[in-house]
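*Asks:* What follows is the file run.txt, containing compact mmCIF, C-alpha atoms:
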# COMPACT_ATOMS: atom_id res chain seq x y z
CA MET A 1 0.00 0.00 0.00
CA ALA A 2 1.03 3.59 -0.48
CA ILE A 3 0.17 6.49 1.82
CA ARG A 4 1.00 10.00 0.67
CA VAL A 5 0.26 13.29 2.43
CA GLN A 6 1.49 16.17 0.34
CA ALA A 7 1.11 19.87 -0.40
CA ASP A 8 1.86 19.34 -4.10
CA PRO A 9 -0.95 18.84 -6.64
CA PHE A 10 -1.39 15.43 -8.25
CA ASP A 11 -2.87 14.02 -11.45
CA PRO A 12 -5.62 11.46 -10.73
CA GLY A 13 -5.22 9.91 -14.19
CA VAL A 14 -1.56 9.19 -13.60
CA GLU A 15 -2.39 7.68 -10.21
CA VAL A 16 -5.10 5.40 -11.65
CA ASN A 17 -2.83 4.15 -14.43
CA ALA A 18 -0.12 3.33 -11.91
CA MET A 19 -2.56 1.08 -10.05
CA HIS A 20 -2.37 -1.70 -12.66
CA ALA A 21 0.97 -0.97 -14.30
CA ALA A 22 3.28 -4.00 -14.15
CA ASN A 23 0.62 -6.21 -12.57
CA VAL A 24 -1.51 -8.11 -15.08
CA GLY A 25 -3.20 -9.93 -12.21
CA VAL A 26 -5.18 -6.78 -11.52
CA GLY A 27 -8.65 -7.16 -12.99
CA ALA A 28 -10.30 -4.18 -11.32
CA VAL A 29 -9.28 -0.74 -10.12
CA VAL A 30 -11.82 1.39 -8.28
CA SER A 31 -10.79 4.94 -7.51
CA PHE A 32 -12.32 7.94 -5.78
CA VAL A 33 -11.26 11.54 -6.32
CA GLY A 34 -12.51 14.29 -4.02
CA TYR A 35 -12.41 17.86 -5.34
CA VAL A 36 -12.61 21.27 -3.69
CA ARG A 37 -16.07 22.75 -4.41
CA ASP A 38 -16.74 26.44 -4.98
CA PHE A 39 -19.69 26.43 -2.57
CA ASN A 40 -20.57 24.89 0.79
CA ASP A 41 -23.46 25.36 3.20
CA GLY A 42 -24.95 28.22 1.24
CA LEU A 43 -21.77 30.25 0.72
CA ASP A 44 -19.38 30.68 -2.17
CA VAL A 45 -15.97 29.22 -1.38
CA SER A 46 -12.91 30.81 -2.99
CA GLY A 47 -10.39 28.39 -1.50
CA MET A 48 -9.47 26.47 1.59
CA PHE A 49 -6.60 25.48 3.86
CA LEU A 50 -6.11 21.88 4.94
CA GLU A 51 -4.63 21.55 8.42
CA HIS A 52 -3.46 18.15 9.68
CA TYR A 53 -1.66 16.47 12.56
CA PRO A 54 1.80 15.58 11.21
CA GLY A 55 2.74 12.09 12.32
CA MET A 56 -0.74 11.03 13.32
CA THR A 57 -2.08 11.67 9.82
CA GLU A 58 0.21 9.11 8.21
CA LYS A 59 -0.32 6.68 11.09
CA ALA A 60 -4.13 6.96 10.91
CA LEU A 61 -4.21 6.50 7.14
CA GLY A 62 -1.86 3.53 7.44
CA LYS A 63 -4.12 1.85 9.99
CA ILE A 64 -7.15 2.33 7.75
CA ALA A 65 -5.26 0.90 4.77
CA VAL A 66 -4.06 -2.12 6.76
CA GLU A 67 -7.63 -2.83 7.87
CA ALA A 68 -8.83 -2.62 4.25
CA GLU A 69 -6.12 -5.08 3.20
CA GLN A 70 -7.19 -7.46 5.97
CA ARG A 71 -10.84 -7.31 4.93
CA TRP A 72 -10.49 -7.60 1.15
CA PRO A 73 -8.07 -9.42 -1.21
CA LEU A 74 -6.36 -6.32 -2.60
CA LEU A 75 -3.39 -6.28 -4.94
CA LYS A 76 -2.70 -2.59 -4.41
CA LEU A 77 -4.10 0.26 -2.35
CA GLU A 78 -3.23 3.92 -2.55
CA VAL A 79 -4.34 6.80 -0.33
CA LEU A 80 -3.22 10.31 -1.25
CA HIS A 81 -4.33 13.48 0.57
CA ARG A 82 -3.41 17.09 -0.01
CA ILE A 83 -2.57 19.54 2.77
CA GLY A 84 -2.12 23.30 2.79
CA ALA A 85 -3.76 25.82 0.47
CA LEU A 86 -6.21 24.56 -2.18
CA GLU A 87 -8.40 26.22 -4.79
CA PRO A 88 -11.84 25.20 -6.11
CA GLY A 89 -11.58 22.49 -8.74
CA GLU A 90 -8.37 21.00 -7.34
CA PRO A 91 -8.24 17.32 -6.38
CA ILE A 92 -7.93 17.05 -2.61
CA VAL A 93 -8.03 13.31 -1.99
CA PHE A 94 -7.42 10.16 -4.02
CA VAL A 95 -8.16 6.60 -2.93
CA ALA A 96 -7.76 3.62 -5.22
CA ALA A 97 -8.01 -0.12 -4.65
CA ALA A 98 -6.86 -2.77 -7.10
CA SER A 99 -8.04 -6.35 -6.96
CA ALA A 100 -8.55 -9.38 -9.18
CA HIS A 101 -12.31 -8.79 -9.15
CA ARG A 102 -14.47 -5.68 -8.90
CA GLN A 103 -16.44 -6.17 -5.69
CA ALA A 104 -13.42 -6.15 -3.38
CA ALA A 105 -12.11 -3.03 -5.10
CA PHE A 106 -15.48 -1.22 -4.86
CA ASP A 107 -15.94 -2.07 -1.19
CA ALA A 108 -12.36 -1.35 -0.12
CA CYS A 109 -12.39 2.06 -1.80
CA ALA A 110 -15.68 3.05 -0.11
CA PHE A 111 -14.47 1.72 3.24
CA VAL A 112 -11.22 3.69 3.13
CA MET A 113 -13.04 6.92 2.25
CA ASP A 114 -15.68 6.44 4.96
CA TYR A 115 -13.02 5.80 7.60
CA LEU A 116 -10.77 8.59 6.34
CA LYS A 117 -13.64 11.08 6.68
CA THR A 118 -14.21 10.19 10.33
CA ARG A 119 -10.80 9.06 11.63
CA ALA A 120 -7.98 10.85 9.81
CA PRO A 121 -6.87 14.12 11.45
CA PHE A 122 -7.55 16.67 8.71
CA TRP A 123 -9.47 19.92 9.13
CA LYS A 124 -10.75 22.22 6.39
CA LYS A 125 -10.83 25.96 6.78
CA GLU A 126 -12.76 27.63 3.96
CA ASN A 127 -12.36 31.11 2.61
CA THR A 128 -15.91 32.37 2.00
CA ALA A 129 -17.52 35.66 1.04
CA ASP A 130 -18.25 36.08 4.77
CA GLY A 131 -14.64 35.41 5.75
CA PRO A 132 -12.79 32.27 6.82
CA ARG A 133 -14.66 29.48 8.61
CA TRP A 134 -13.86 25.98 9.86
CA VAL A 135 -15.89 23.22 8.25
CA GLU A 136 -17.87 21.21 10.81
CA GLY A 137 -18.20 17.43 10.76
CA ARG A 138 -21.39 15.85 9.40
CA ALA A 139 -23.48 13.19 11.09
CA SER A 140 -23.95 11.53 7.68
CA ASP A 141 -20.21 10.85 7.53
CA HIS A 142 -20.38 8.93 10.79
CA ALA A 143 -23.44 6.99 9.62
CA ALA A 144 -21.49 6.02 6.49
CA ALA A 145 -18.54 4.79 8.54
CA ASP A 146 -20.79 2.88 10.93
CA ARG A 147 -22.01 0.58 8.16
CA TRP A 148 -18.57 -1.07 8.08
CA LYS A 149 -18.61 -1.97 11.76
CA ARG A 150 -18.60 -5.63 12.64
CA MET B 1 3.65 12.74 35.35
CA ASN B 2 4.43 14.98 32.40
CA ILE B 3 2.10 15.09 29.41
CA THR B 4 2.45 17.03 26.18
CA VAL B 5 -0.88 18.31 24.91
CA LYS B 6 -1.49 19.39 21.33
CA PHE B 7 -4.43 21.33 19.91
CA PHE B 8 -5.55 21.55 16.31
CA ALA B 9 -7.72 23.59 13.96
CA ARG B 10 -10.54 25.57 15.62
CA TYR B 11 -9.35 24.59 19.11
CA ARG B 12 -5.79 25.72 18.38
CA GLU B 13 -7.12 29.07 17.20
CA ALA B 14 -9.53 29.50 20.11
CA LEU B 15 -6.83 28.69 22.66
CA GLY B 16 -4.10 30.66 20.91
CA VAL B 17 -1.62 27.84 21.48
CA ASP B 18 -0.75 24.67 19.55
CA SER B 19 1.06 22.75 22.27
CA GLN B 20 1.43 22.79 26.02
CA LYS B 21 3.11 20.72 28.74
CA VAL B 22 1.07 19.78 31.79
CA GLU B 23 2.20 18.11 34.97
CA GLY B 24 -0.01 16.25 37.41
CA ASP B 25 -1.34 12.94 38.58
CA PHE B 26 -3.50 11.95 35.62
CA SER B 27 -5.23 8.58 35.24
CA THR B 28 -6.91 9.21 31.91
CA VAL B 29 -7.04 11.57 28.95
CA ASP B 30 -10.18 13.06 30.49
CA ASP B 31 -8.23 14.11 33.60
CA VAL B 32 -5.96 16.23 31.39
CA ARG B 33 -8.96 17.61 29.52
CA ALA B 34 -10.73 18.55 32.77
CA LEU B 35 -7.65 20.31 34.17
CA LEU B 36 -7.29 22.42 31.03
CA ALA B 37 -11.04 23.00 30.53
CA ALA B 38 -11.20 24.62 33.97
CA ARG B 39 -8.81 27.35 32.82
CA GLU B 40 -10.14 30.67 31.61
CA GLY B 41 -10.55 30.74 27.84
CA PHE B 42 -10.38 26.94 27.46
CA ASP B 43 -14.14 26.39 27.10
CA VAL B 44 -13.80 24.62 23.73
CA LEU B 45 -12.48 21.60 25.64
CA LYS B 46 -15.99 21.19 27.12
CA GLU B 47 -17.57 20.60 23.69
CA GLN B 48 -19.60 17.42 23.26
CA ASN B 49 -18.07 16.39 19.94
CA LEU B 50 -14.46 16.87 21.05
CA MET B 51 -12.12 14.22 19.67
CA CYS B 52 -8.88 13.10 21.27
CA ALA B 53 -5.78 11.07 20.56
CA ARG B 54 -3.06 9.49 22.68
CA ASN B 55 0.38 9.06 21.11
CA GLU B 56 -1.07 9.74 17.64
CA ASP B 57 -3.88 7.18 17.88
CA LEU B 58 -7.54 8.15 18.19
CA CYS B 59 -8.86 7.23 21.63
CA GLN B 60 -11.76 7.69 24.01
CA LEU B 61 -11.66 10.05 26.98
CA ASP B 62 -11.25 7.14 29.41
CA GLU B 63 -7.94 6.12 27.76
CA PRO B 64 -5.28 5.50 30.48
CA LEU B 65 -2.10 7.58 30.44
CA VAL B 66 1.53 7.00 31.33
CA ASP B 67 4.31 9.51 31.94
CA GLY B 68 5.59 11.12 28.76
CA ASP B 69 2.46 10.52 26.67
CA GLU B 70 1.37 12.94 23.98
CA VAL B 71 -2.32 13.83 24.08
CA ALA B 72 -4.19 15.82 21.45
CA PHE B 73 -7.60 17.48 21.48
CA PHE B 74 -9.38 18.59 18.33
CA PRO B 75 -12.81 19.17 16.78
CA THR B 76 -14.48 16.62 14.51
CA VAL B 77 -12.20 15.82 11.59
CA THR B 78 -13.23 17.10 8.15
CA GLY B 79 -10.80 15.69 5.60
CA GLY B 80 -11.56 13.98 2.32
Just dump the structure as structure tokens.
*Replies:*
Amino acid sequence: MAIRVQADPFDPGVEVNAMHAANVGVGAVVSFVGYVRDFNDGLDVSGMFLEHYPGMTEKALGKIAVEAEQRWPLLKLEVLHRIGALEPGEPIVFVAAASAHRQAAFDACAFVMDYLKTRAPFWKKENTADGPRWVEGRASDHAAADRWKR
Amino acid sequence: MNITVKFFARYREALGVDSQKVEGDFSTVDDVRALLAAREGFDVLKEQNLMCARNEDLCQLDEPLVDGDEVAFFPTVTGG
């Protein structure tokens, strides 16, 4: 698995292609790309800053990835998250799971995103027309993560 | 025992500090939280949806502590 936390932009297409390069046993790659929106909760958003907890961030993402690899037969798993200043339209997060068959890849990708949203120490601060504001967590994110409990 | 406490995001801004050392006889993460929450200007540490970590792992407030641990308090995470 690969965990990357970086300020630099990335190209989701390049990342997806790398998921099956040099491994012809991969029959399925499922990827998710999250983008910065230009609106949120009724306000225009002109950009945001991603704060994180250096050290814990990598550790938390690693634990989520290890759990995904224990639950599903994955051939490759990548989690990439941006930090720092971001503009609307920029990719902020990338998760991809490669497997021999599609279902494991679909489920693992959704699982990693649901856990990342509720367990990885990132915080968004948006620049809005009304000034900067911290984004608050959503109950729906916790409901989504709860479906993977067992 | 000596504990290093870190704060992030909205809490860090509200408290005006990102890290602090505390000394005392703490059994759990909640003992550290309660000590700090009693200080003037530290009301954010009384919030219901406060999250916490011990040595860079998410934990509950009843998590036991040992000397030298790093504890962190922060609002609900919003990555992704």
*Asks:* Suppose you want the space between CA of Val36 (chain A) and CA of Glu90 (chain A); what is it in Å?
*Replies:*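 Straight-line distance from CA of Val36 (chain A) to CA of Glu90 (chain A) works out to 5.6 Å.
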*Asks:* Distance cut-off 6 Å, centre (-4.8, 11.1, 26.1) in file coordinates, counting only C-alpha atoms: which residues qualify? Return them as a VMD selection string.
*Replies:* chain B and resid 29 53 to 54 71
*Asks:* Only residues of chain B matter here; which ones have an atom within 10 Å of chain A, counting all atoms listed in the file? Give them as a count of residues only.
*Replies:* 21
*Asks:* Please determine the residues with any atom at most 6 Å from (0.2, 13.1, 26.5) (coordinates as given in the file, with only C-alpha atoms counting) and report them as a PyMOL selection string.
*Replies:* chain B and resi 3-5+69-71
*Asks:* Padding 4 Å on every side, please: axis-aligned box over the listed atoms of region 78-93 of chain A, centre and edge lengths to one decimal in Å, as JSON.
*Replies:*
{"center_x": -7.0, "center_y": 15.1, "center_z": -3.0, "size_x": 17.7, "size_y": 30.3, "size_z": 19.5}
